[in-house]
Each structure stands twice: as C-alpha cells, then as structure tokens.
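Novice: The structure follows.
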Amino acid sequence: MTKISLLKNQPSREEVLPYVWLLPERNDCFSSLQISVINSSLTRLRDKNTDVHTFRYHIGNLTDYLLQAILKPKVKKVKVTTPLEKRAEGIVLEAPVAIFFINRAGLTMGLSAARFLPYGTPIGEFDIHRDEKTLEPVLVGYNIPPEVSGRKILILDPMNATGGSIECAYKVIDKEYRQKRKQKFLGVYIANIISAPFGVAEVKKTIPEAEIYTVALDDYLTKPGETKFPPGYIVPGLGDAGDRQFGPGRSELFYGAKKMLSVFVNFQSSDIIKSK
C-alpha cells in the first residue's frame, strides 16, 4: 500500500505522543525564557506573511535548540598557546555525531548544524523528493561521509509529514555503513521542526530505534481534495518549507546556501560516498 492510501486512517496526536520529545516541554534542557523564544520562532514560521530571509533565520534558530536537546555536548578543558606565546585555558565541545540533511527543505538545518557543531563534523546530504500521486519518496542522489563509526546518526528534516524522506535516508545510511562497511553507530536521532502523527508512526515503524525530537506535533495530514495544497501537507503546519526558504525550485538563494555549506564540507571530495 502507498502512503496516500493510508491517509484515511491517520493516528491521533495522543497515540504518538509517547514516541516524540517535544522541545517546548524540555524543562530539563531549557529555561522558561528559552522556551518562549522557541515558541516565538515557531509562530514566525507558521505565519504566511514571514519573508524567506526571516523564515530561514528561524529555521536555523530552532535547529540550534534541537541540537542542544539531542546532543548535550560534553565539555573538555584544554590549554592553548596564543599568538603572543602565552598559555590560556579554555574548553572544546565534544559531540560525536554525523549529520545528514535532506534537500531542499533541510539545507538551512544542515548549514546551521555545521556552524553549531565542531568543525570537521561529518555531514551528508540527500536529494529526495515526494511523488505527489503516491506520497512515496523518490531518491535522486546522495553525498555522504566515508566514516561514521562511534557517532550518533542525526537526520535533519524540517517537516516530518509522511516520514518517507526520513525512512529513505535511513535505508541508505543503514546499507552504506552497517551492511557494506560494517560500521557501528551510536543510535539514530531525528530532528524536525514540525511533525505529523502519521509521520511519527511511520518512522517508528521503519526505524524502531529512532529517537524523534520535534518542536511541534501537529494534528493531521491533508487528504486528497481537502485544500488547495496537495494531499500529505501537515495541518496547521507552515506550508511548503522548501518554497518558504528559497522560493520555487532551486533558486539563487538555494545555491547561495549550498556555497556557504561548502566552507564546512566538500561534497566533491574523492572520499565522499556518492549515489551511482
């Protein structure tokens, strides 16, 4: 059965709540002020009048909070020598993680993660789009790092609607690392801005070990003919996350963000694992 045929019987929000970590409820991670900032950013993303630049800013802001909740980086004390040949005490963050994001919509999250995490953190990208007739994922290609042993696997996608793109990315990760290269990683983590109960249930069905972190858990997915949007959109949601960040298609804004990401990762490197 295709995902679109399953929309008639969607799980409720209450049914999947035990499977997600809701960011605004993480009092163990954030102060009341930080939770207010999280909710404020989410409101700006939902607002149809928010421009693309402001939209990307708030995607990045919420990505930082998601990373803090998921990773809880350890701090290591170090001593360094300054250009004045003086010793100074400081710290470095230790976050053994490998980041994977899904184009287009996940690019801003990937860029934010690259800036947030220690330089040299392995980063991979997937080009996946959705077949609007079936809501099944279509894998176009991928560029992923050669080594993830001993790291957490973190998949970034702003919208978990049907779970298809996340499932597709995970299957490649499992095949390329666990099966082909016998690499072991420290769990699978999913970071979303907004999730639908349907997507949460589908991801847990395919990836039982996954821990899902989301800023918001919305109500349901649109059904065929219900709105001007195609079926499979999250309600109330925020619309098309890719279009709202970059405009229609792969615009100059999209390629500009890709260029910024190239400071942190070279997807043309001979070490990169590429789709064939």
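Letters for chains follow the order of the structure tokens (A, B, ...), residue numbers begin at 1 for each chain, and ligand numbers begin at 1 in the order shown.
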Please provide the set of residues having any atom within 12 Å of A:Phe126, restricted to only C-alpha atoms, with same-chain residues fewer than 5 positions apart removed, written as an MDAnalysis selection string.
Specialist: chainID A and resid 99:107 110 137:145 155:157 165:173 267 273:275
Novice: For the residues selected in the previous step, produce a file with C-alpha atoms as a PDB file, in the first residue's frame.
Specialist:
```pdb
ATOM      1  CA  ILE A  99      24.760  14.999  10.360  1.00  0.00           C
ATOM      2  CA  PHE A 100      22.526  14.138   7.404  1.00  0.00           C
ATOM      3  CA  PHE A 101      20.059  16.583   5.883  1.00  0.00           C
ATOM      4  CA  ILE A 102      17.506  16.339   3.090  1.00  0.00           C
ATOM      5  CA  ASN A 103      17.482  18.850   0.224  1.00  0.00           C
ATOM      6  CA  ARG A 104      15.874  21.289  -0.379  1.00  0.00           C
ATOM      7  CA  ALA A 105      13.995  21.903   2.806  1.00  0.00           C
ATOM      8  CA  GLY A 106      16.700  20.575   5.156  1.00  0.00           C
ATOM      9  CA  LEU A 107      19.572  22.639   3.749  1.00  0.00           C
ATOM     10  CA  GLY A 110      22.288  21.341   7.708  1.00  0.00           C
ATOM     11  CA  PRO A 137       9.803   9.167  -1.508  1.00  0.00           C
ATOM     12  CA  VAL A 138      11.915   9.339  -4.669  1.00  0.00           C
ATOM     13  CA  LEU A 139      15.673   9.175  -4.106  1.00  0.00           C
ATOM     14  CA  VAL A 140      17.562  11.289  -6.646  1.00  0.00           C
ATOM     15  CA  GLY A 141      21.056  11.013  -5.135  1.00  0.00           C
ATOM     16  CA  TYR A 142      23.268  11.472  -2.109  1.00  0.00           C
ATOM     17  CA  ASN A 143      26.714  12.605  -0.949  1.00  0.00           C
ATOM     18  CA  ILE A 144      27.665  11.167   2.430  1.00  0.00           C
ATOM     19  CA  PRO A 145      30.860  10.977   4.529  1.00  0.00           C
ATOM     20  CA  ILE A 155      18.814  13.116  10.293  1.00  0.00           C
ATOM     21  CA  LEU A 156      17.551  16.695   9.810  1.00  0.00           C
ATOM     22  CA  ASP A 157      14.290  17.447   8.012  1.00  0.00           C
ATOM     23  CA  SER A 165      12.137  11.081   3.184  1.00  0.00           C
ATOM     24  CA  ILE A 166      13.490  10.156   6.614  1.00  0.00           C
ATOM     25  CA  GLU A 167      12.877   6.453   6.004  1.00  0.00           C
ATOM     26  CA  CYS A 168      14.527   6.683   2.587  1.00  0.00           C
ATOM     27  CA  ALA A 169      17.624   8.425   4.002  1.00  0.00           C
ATOM     28  CA  TYR A 170      17.906   5.919   6.844  1.00  0.00           C
ATOM     29  CA  LYS A 171      17.774   2.940   4.484  1.00  0.00           C
ATOM     30  CA  VAL A 172      20.746   4.354   2.548  1.00  0.00           C
ATOM     31  CA  ILE A 173      22.644   5.042   5.782  1.00  0.00           C
ATOM     32  CA  PHE A 267      30.959  17.121  -1.456  1.00  0.00           C
ATOM     33  CA  ILE A 273      30.300   8.212  -0.831  1.00  0.00           C
ATOM     34  CA  LYS A 274      28.095   9.102  -3.783  1.00  0.00           C
ATOM     35  CA  SER A 275      24.998   7.520  -5.251  1.00  0.00           C
TER      36      SER A 275
END
```
Novice: If you run DSSP on the backbone, which residues of stretch 12-41 of chain A are helix (DSSP H, G or I), as a PyMOL selection string?
Specialist: chain A and resi 13-19+23-25+32-41
Novice: With C-alpha atoms retained, export the selected residues as an mmCIF file, in the first residue's frame.
Specialist:
```cif
data_model
loop_
_atom_site.group_PDB
_atom_site.id
_atom_site.type_symbol
_atom_site.label_atom_id
_atom_site.label_comp_id
_atom_site.auth_asym_id
_atom_site.auth_seq_id
_atom_site.Cartn_x
_atom_site.Cartn_y
_atom_site.Cartn_z
ATOM 1 C CA ARG A 13 -1.720 13.103 18.222
ATOM 2 C CA GLU A 14 -2.301 11.362 21.555
ATOM 3 C CA GLU A 15 -1.382 7.967 20.084
ATOM 4 C CA VAL A 16 2.120 9.032 19.044
ATOM 5 C CA LEU A 17 3.000 11.447 21.866
ATOM 6 C CA PRO A 18 4.964 8.734 23.740
ATOM 7 C CA TYR A 19 7.308 8.423 20.728
ATOM 8 C CA LEU A 23 11.077 20.753 22.546
ATOM 9 C CA PRO A 24 8.847 23.266 24.402
ATOM 10 C CA GLU A 25 8.325 20.651 27.127
ATOM 11 C CA SER A 32 11.290 29.411 30.593
ATOM 12 C CA LEU A 33 12.799 32.285 28.589
ATOM 13 C CA GLN A 34 14.367 29.898 26.069
ATOM 14 C CA ILE A 35 11.065 28.036 25.700
ATOM 15 C CA SER A 36 9.378 31.362 24.963
ATOM 16 C CA VAL A 37 11.996 32.041 22.269
ATOM 17 C CA ILE A 38 11.357 28.584 20.777
ATOM 18 C CA ASN A 39 7.605 29.200 20.649
ATOM 19 C CA SER A 40 8.113 32.674 19.200
ATOM 20 C CA SER A 41 10.290 31.292 16.378
#
```
Novice: DSSP on the backbone, then: every residue of stretch 47-248 of chain A marked strand (DSSP E or B), written as a PyMOL selection string.
Specialist: chain A and resi 74-81+87-94+97-103+123-130+137-144+152-156+159-160+188-195+211-217+220-221+234-235
Novice: Mind writing the picked residues with C-alpha atoms as a CSV table (one decimal), in the first residue's frame?
Specialist:
```
chain,number,residue,atom,x,y,z
A,74,LYS,CA,30.4,17.3,26.6
A,75,VAL,CA,33.0,19.9,27.5
A,76,LYS,CA,36.7,19.1,27.6
A,77,LYS,CA,39.2,21.5,29.3
A,78,VAL,CA,42.2,22.4,27.2
A,79,LYS,CA,45.2,24.7,27.2
A,80,VAL,CA,46.2,26.6,24.1
A,81,THR,CA,49.0,28.9,23.1
A,87,ARG,CA,49.1,29.9,27.6
A,88,ALA,CA,45.4,30.3,28.0
A,89,GLU,CA,42.9,27.8,29.5
A,90,GLY,CA,39.7,27.1,27.6
A,91,ILE,CA,37.3,24.4,26.5
A,92,VAL,CA,36.3,22.4,23.4
A,93,LEU,CA,33.0,20.8,22.7
A,94,GLU,CA,32.9,17.0,22.1
A,97,VAL,CA,27.7,12.9,15.7
A,98,ALA,CA,27.3,12.6,11.9
A,99,ILE,CA,24.8,15.0,10.4
A,100,PHE,CA,22.5,14.1,7.4
A,101,PHE,CA,20.1,16.6,5.9
A,102,ILE,CA,17.5,16.3,3.1
A,103,ASN,CA,17.5,18.8,0.2
A,123,ILE,CA,28.0,15.9,7.1
A,124,GLY,CA,25.9,14.2,4.4
A,125,GLU,CA,23.2,15.3,2.0
A,126,PHE,CA,20.3,13.5,0.3
A,127,ASP,CA,18.3,14.7,-2.7
A,128,ILE,CA,14.8,13.2,-2.1
A,129,HIS,CA,11.5,14.4,-3.4
A,130,ARG,CA,8.0,13.2,-2.9
A,137,PRO,CA,9.8,9.2,-1.5
A,138,VAL,CA,11.9,9.3,-4.7
A,139,LEU,CA,15.7,9.2,-4.1
A,140,VAL,CA,17.6,11.3,-6.6
A,141,GLY,CA,21.1,11.0,-5.1
A,142,TYR,CA,23.3,11.5,-2.1
A,143,ASN,CA,26.7,12.6,-0.9
A,144,ILE,CA,27.7,11.2,2.4
A,152,LYS,CA,25.3,9.3,16.7
A,153,ILE,CA,23.4,9.5,13.4
A,154,LEU,CA,21.3,12.6,13.2
A,155,ILE,CA,18.8,13.1,10.3
A,156,LEU,CA,17.6,16.7,9.8
A,159,MET,CA,8.8,18.7,8.2
A,160,ASN,CA,8.0,15.1,9.1
A,188,VAL,CA,19.6,7.2,15.3
A,189,TYR,CA,18.1,10.6,16.1
A,190,ILE,CA,15.6,12.6,14.0
A,191,ALA,CA,15.3,16.4,14.3
A,192,ASN,CA,12.2,18.1,12.9
A,193,ILE,CA,10.6,21.5,13.3
A,194,ILE,CA,7.0,20.2,12.8
A,195,SER,CA,5.8,16.6,12.8
A,211,GLU,CA,14.5,9.0,18.9
A,212,ILE,CA,12.4,11.7,17.4
A,213,TYR,CA,12.8,15.3,18.5
A,214,THR,CA,10.4,17.9,17.2
A,215,VAL,CA,9.4,21.5,18.0
A,216,ALA,CA,5.7,20.9,17.4
A,217,LEU,CA,3.5,17.9,16.9
A,220,TYR,CA,-3.1,15.6,10.8
A,221,LEU,CA,-2.2,15.5,7.0
A,234,ILE,CA,0.7,19.0,7.7
A,235,VAL,CA,-2.2,20.9,9.4
```
Novice: Which one is closest to A:Pro118: A:Gly242, A:Lys258, A:Glu136, A:Pro73? Count only C-alpha atoms.
Specialist: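 Closest to A:Pro118 of all the choices is A:Pro73.
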Novice: For A:Leu67, which of A:Lys204, A:Arg115, A:Lys86, A:His53 is the closest residue, counting only C-alpha atoms?
Specialist: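 The closest residue to A:Leu67 is A:Arg115.
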Novice: What does the distance from atom CA of A:Arg46 to atom CA of A:Thr108 come to in Å, to one decimal?
Specialist: 16.6 Å
Novice: Atom CA of A:Gln268 to atom CA of A:Gln245: how many Å, to one decimal?
Specialist: 24.8 Å
Novice: Between A:Phe198, A:Trp21, A:Tyr233, A:Phe264, which has the minimum distance to A:Phe116 (counting only C-alpha atoms)?
Specialist: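 So, comparing all the options, the nearest one is A:Phe264.
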Novice: Using only C-alpha atoms for the distances, tell me which of A:Gln68, A:Thr63, A:Ser12, A:Ser112 is nearest to A:Leu261.
Specialist: A:Ser112
Novice: A:Gly187, A:Thr50, A:Ser269, A:Pro158: which is nearest A:Pro208, counting only C-alpha atoms?
Specialist: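 So, comparing all the options, the nearest one is A:Gly187.
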Novice: Excluding A:Ile4 and any residue of its chain fewer than 2 positions from it, enumerate the residues within 8 Å of it, using only C-alpha atoms, and give them as a ChimeraX atom specification.
Specialist: /A:2,6-7,133-136,231-232
Novice: So that I have them on file, write out the residues from the current selection with C-alpha atoms, as an mmCIF file, in the first residue's frame.
Specialist:
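To be explicit, this is the file written out as result18.cif:
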```
data_model
loop_
_atom_site.group_PDB
_atom_site.id
_atom_site.type_symbol
_atom_site.label_atom_id
_atom_site.label_comp_id
_atom_site.auth_asym_id
_atom_site.auth_seq_id
_atom_site.Cartn_x
_atom_site.Cartn_y
_atom_site.Cartn_z
ATOM 1 C CA THR A 2 1.223 3.508 -0.802
ATOM 2 C CA LEU A 6 -3.157 5.214 4.352
ATOM 3 C CA LEU A 7 -4.352 8.800 4.888
ATOM 4 C CA LYS A 133 0.406 10.955 -6.539
ATOM 5 C CA THR A 134 1.525 8.266 -4.084
ATOM 6 C CA LEU A 135 3.338 10.311 -1.380
ATOM 7 C CA GLU A 136 6.211 7.839 -1.660
ATOM 8 C CA PRO A 231 -2.528 15.683 -0.074
ATOM 9 C CA GLY A 232 0.046 14.979 2.615
#
```
Novice: Just how far from atom CA of A:Lys205 is atom CA of A:Leu238, in Å to one decimal?
Specialist: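 Straight-line distance from atom CA of A:Leu238 to atom CA of A:Lys205 works out to 25.3 Å.
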Novice: Can you work out which one of A:Pro83, A:Pro236, A:Gly163, A:Gly60 has the shortest atom-to-atom distance to A:Met109, counting only C-alpha atoms?
Specialist: A:Gly60
